[in-house]
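Novice: Next comes final-v2.txt, compact mmCIF, C-alpha atoms:
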```
# COMPACT_ATOMS: atom_id res chain seq x y z
CA CYS A 1 14.24 -8.79 11.16
CA LEU A 2 10.83 -9.11 9.52
CA ALA A 3 9.66 -12.04 11.63
CA CYS A 4 10.07 -13.20 15.19
CA SER A 5 13.19 -15.19 15.92
CA ALA A 6 11.22 -18.44 16.34
CA CYS A 7 9.56 -18.03 12.94
CA ASN A 8 12.94 -17.27 11.39
CA THR A 9 14.33 -20.43 12.98
CA PHE A 10 11.47 -22.54 11.62
CA LYS A 11 11.91 -20.96 8.19
CA SER A 12 15.65 -21.62 8.10
CA ASP A 13 16.68 -21.52 4.44
CA MET A 14 13.31 -22.60 3.03
CA THR A 15 11.86 -20.56 0.21
CA GLU A 16 9.01 -22.96 -0.64
CA ALA A 17 6.63 -25.20 1.27
CA LEU A 18 3.58 -27.40 0.81
CA ASP A 19 0.16 -25.71 0.67
CA PRO A 20 -2.03 -27.97 2.84
CA VAL A 21 -5.09 -27.33 0.66
CA SER A 22 -3.77 -27.75 -2.89
CA GLN A 23 -0.96 -30.13 -1.86
CA LYS A 24 1.37 -28.18 -4.17
CA ILE A 25 4.77 -26.72 -3.36
CA VAL A 26 4.49 -22.92 -3.42
CA PRO A 27 6.77 -19.99 -2.56
CA LEU A 28 6.75 -18.78 1.03
CA PHE A 29 5.53 -15.28 1.80
CA ASN A 30 8.20 -12.65 1.20
CA PRO A 31 7.56 -9.57 3.38
CA ARG A 32 10.00 -7.52 1.32
CA SER A 33 8.01 -7.85 -1.89
CA GLN A 34 4.50 -8.95 -0.87
CA GLN A 35 1.68 -7.40 1.16
CA TRP A 36 0.60 -9.25 4.33
CA ALA A 37 -3.10 -8.56 3.76
CA GLU A 38 -3.01 -10.21 0.33
CA HIS A 39 -2.08 -13.56 1.89
CA PHE A 40 -3.33 -13.53 5.50
CA VAL A 41 -6.22 -12.46 7.74
CA TRP A 42 -6.76 -12.70 11.47
CA SER A 43 -9.23 -15.25 12.83
CA SER A 44 -12.45 -13.82 14.29
CA ASP A 45 -10.96 -13.83 17.81
CA LYS A 46 -7.73 -12.28 16.44
CA THR A 47 -5.52 -15.01 17.90
CA GLN A 48 -4.69 -17.05 14.81
CA ILE A 49 -3.41 -16.17 11.38
CA GLU A 50 -5.40 -17.66 8.50
CA GLY A 51 -3.97 -18.09 5.02
CA ILE A 52 -6.12 -16.86 2.16
CA THR A 53 -3.74 -17.92 -0.61
CA PRO A 54 -1.59 -21.00 -1.17
CA THR A 55 1.46 -18.94 -0.20
CA GLY A 56 -0.24 -17.75 2.99
CA ARG A 57 -1.33 -21.24 4.03
CA ALA A 58 2.07 -22.78 3.30
CA THR A 59 3.86 -20.03 5.20
CA ILE A 60 1.66 -20.46 8.28
CA VAL A 61 2.38 -24.18 8.41
CA ALA A 62 6.10 -23.94 7.60
CA LEU A 63 6.80 -21.20 10.14
CA LYS A 64 4.42 -22.66 12.74
CA MET A 65 2.78 -19.26 13.04
CA ASN A 66 -0.15 -20.56 15.11
CA ARG A 67 1.79 -22.67 17.59
CA PRO A 68 0.06 -22.86 20.98
CA ILE A 69 2.43 -20.57 22.85
CA ILE A 70 2.01 -17.69 20.40
CA VAL A 71 -1.77 -18.16 20.21
CA PHE A 72 -1.86 -17.96 24.02
CA ALA A 73 0.24 -14.79 23.93
CA ARG A 74 -2.06 -13.26 21.31
CA GLN A 75 -5.06 -14.03 23.55
CA ARG A 76 -3.45 -11.98 26.32
CA TRP A 77 -2.49 -9.20 23.92
CA VAL A 78 -6.07 -8.99 22.62
CA GLN A 79 -7.36 -8.72 26.20
CA VAL A 80 -5.17 -5.68 26.91
CA GLY A 81 -5.67 -4.05 23.51
CA TRP A 82 -2.19 -4.66 22.08
CA HIS A 83 -3.36 -6.92 19.27
CA PRO A 84 -3.95 -7.20 16.37
CA PRO A 85 -1.26 -4.87 15.06
CA ALA A 86 -2.23 -1.88 12.98
CA ASP A 87 -1.67 -2.28 9.25
```
Can you turn what I pasted into structure tokens?

Specialist:
Amino acid sequence: CLACSACNTFKSDMTEALDPVSQKIVPLFNPRSQQWAEHFVWSSDKTQIEGITPTGRATIVALKMNRPIIVFARQRWVQVGWHPPAD
């Protein structure tokens, strides 16, 4: 499993999604063939994922990667030094 179960559920069988900036349909991030750091960065407080490419932005929205519950969890993880993950 290359994503949490919730993200996998949101993804379902999608392979493409709408980039909220360009308003174009683009491929979702594929962790088997693409590098995370080419499409995403952590916000300054390390609690949210930011897309730096159309694929990154569309993936964040489609998989709801910054939903409130996970952002709250990341806040706690940052406080105890468990987050962000090492590359």

Novice: Considering all atoms listed in the file, state which residue in the set A:Arg74, A:Pro85, A:Ser12, A:Lys64 is at the smallest distance from A:Trp36.

Specialist: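 Under the stated criterion, the closest residue is A:Pro85.
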
Novice: Atom CA of A:Trp82 and atom CA of A:Ala6 are how many Å apart?

Specialist: 20.1 Å

Novice: Select, from A:Ser33, A:Ser22, A:Gln75, A:Asn66, the residue with the minimum atom-to-atom distance to A:Gln48, counting all atoms listed in the file.

Specialist: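 Among the listed residues, the smallest separation from A:Gln48 belongs to A:Asn66.
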
Novice: Find the axis-aligned box for stretch 44-54 of chain A, covering all its listed atoms and adding 6 Å on each side, and write its centre and edge lengths in Å to one decimal as lines of an AutoDock Vina configuration file.

Specialist:
```
center_x = -7.0
center_y = -16.6
center_z = 8.4
size_x = 22.9
size_y = 20.7
size_z = 31.1
```

Novice: Calculate how many Å separate atom CA of A:Thr15 from atom CA of A:Phe29, rounding to one decimal.

Specialist: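 That distance, rounded to one decimal, is 8.4 Å.
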
Novice: With all atoms listed in the file as the basis for distance, which of A:Arg32, A:Trp77, A:Asp19, A:Pro68 is at the shortest distance from A:Gly51?

Specialist: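 For A:Gly51, the nearest of the given residues is A:Asp19.
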
Novice: Which residue gives the smallest distance to A:Lys46 among A:Pro31, A:Val71, A:Ala86, A:Ser5, with all atoms listed in the file counted?

Specialist: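 For A:Lys46, the nearest of the candidates is A:Val71.
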
Novice: What is the atom CA of A:Glu16-atom CA of A:Leu28 distance in Å, reported with one decimal?

Specialist: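 We find that atom CA of A:Glu16 and atom CA of A:Leu28 lie 5.0 Å from each other.
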
Novice: Can you pull out every residue within 10 Å of A:Thr55, counting all atoms listed in the file, but drop anything in the same chain fewer than 5 positions away, and send it as a list in words?

Specialist: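 My list of contacting residues is Glu16, Ala17, Leu18, Asp19, Ile25, Val26, Pro27, Leu28, Phe29, Asn30, Glu38, His39, Phe40 and Ile60 of chain A.
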
Novice: Please work out which residues fall within 6 Å of (1.3, -26.4, 6.3), coordinates as given in the file, with all atoms listed in the file counting, and return them as a PyMOL selection string.

Specialist: chain A and resi 19-20+58+61-62

Novice: So that I have them on file, write out the residues from the current selection with C-alpha atoms, as a short mmCIF file (atom, residue, chain, number, x, y, z; two decimals), keeping the file's coordinate frame.

Specialist:
```cif
data_model
loop_
_atom_site.label_atom_id
_atom_site.label_comp_id
_atom_site.auth_asym_id
_atom_site.auth_seq_id
_atom_site.Cartn_x
_atom_site.Cartn_y
_atom_site.Cartn_z
CA ASP A 19 0.16 -25.71 0.67
CA PRO A 20 -2.03 -27.97 2.84
CA ALA A 58 2.07 -22.78 3.30
CA VAL A 61 2.38 -24.18 8.41
CA ALA A 62 6.10 -23.94 7.60
#
```

Novice: When distances are computed from only C-alpha atoms, which of A:Met14, A:Val80, A:Ala73, A:Val21 shows the smallest separation from A:Thr53?

Specialist: A:Val21

Novice: Choose the residue, out of A:Lys11, A:Ser44, A:Gln35, A:Ile49, that has the smallest atom-to-atom separation from A:Ile70; count all atoms listed in the file.

Specialist: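 Going through A:Lys11, A:Ser44, A:Gln35, A:Ile49 one by one, the smallest distance to A:Ile70 is for A:Ile49.
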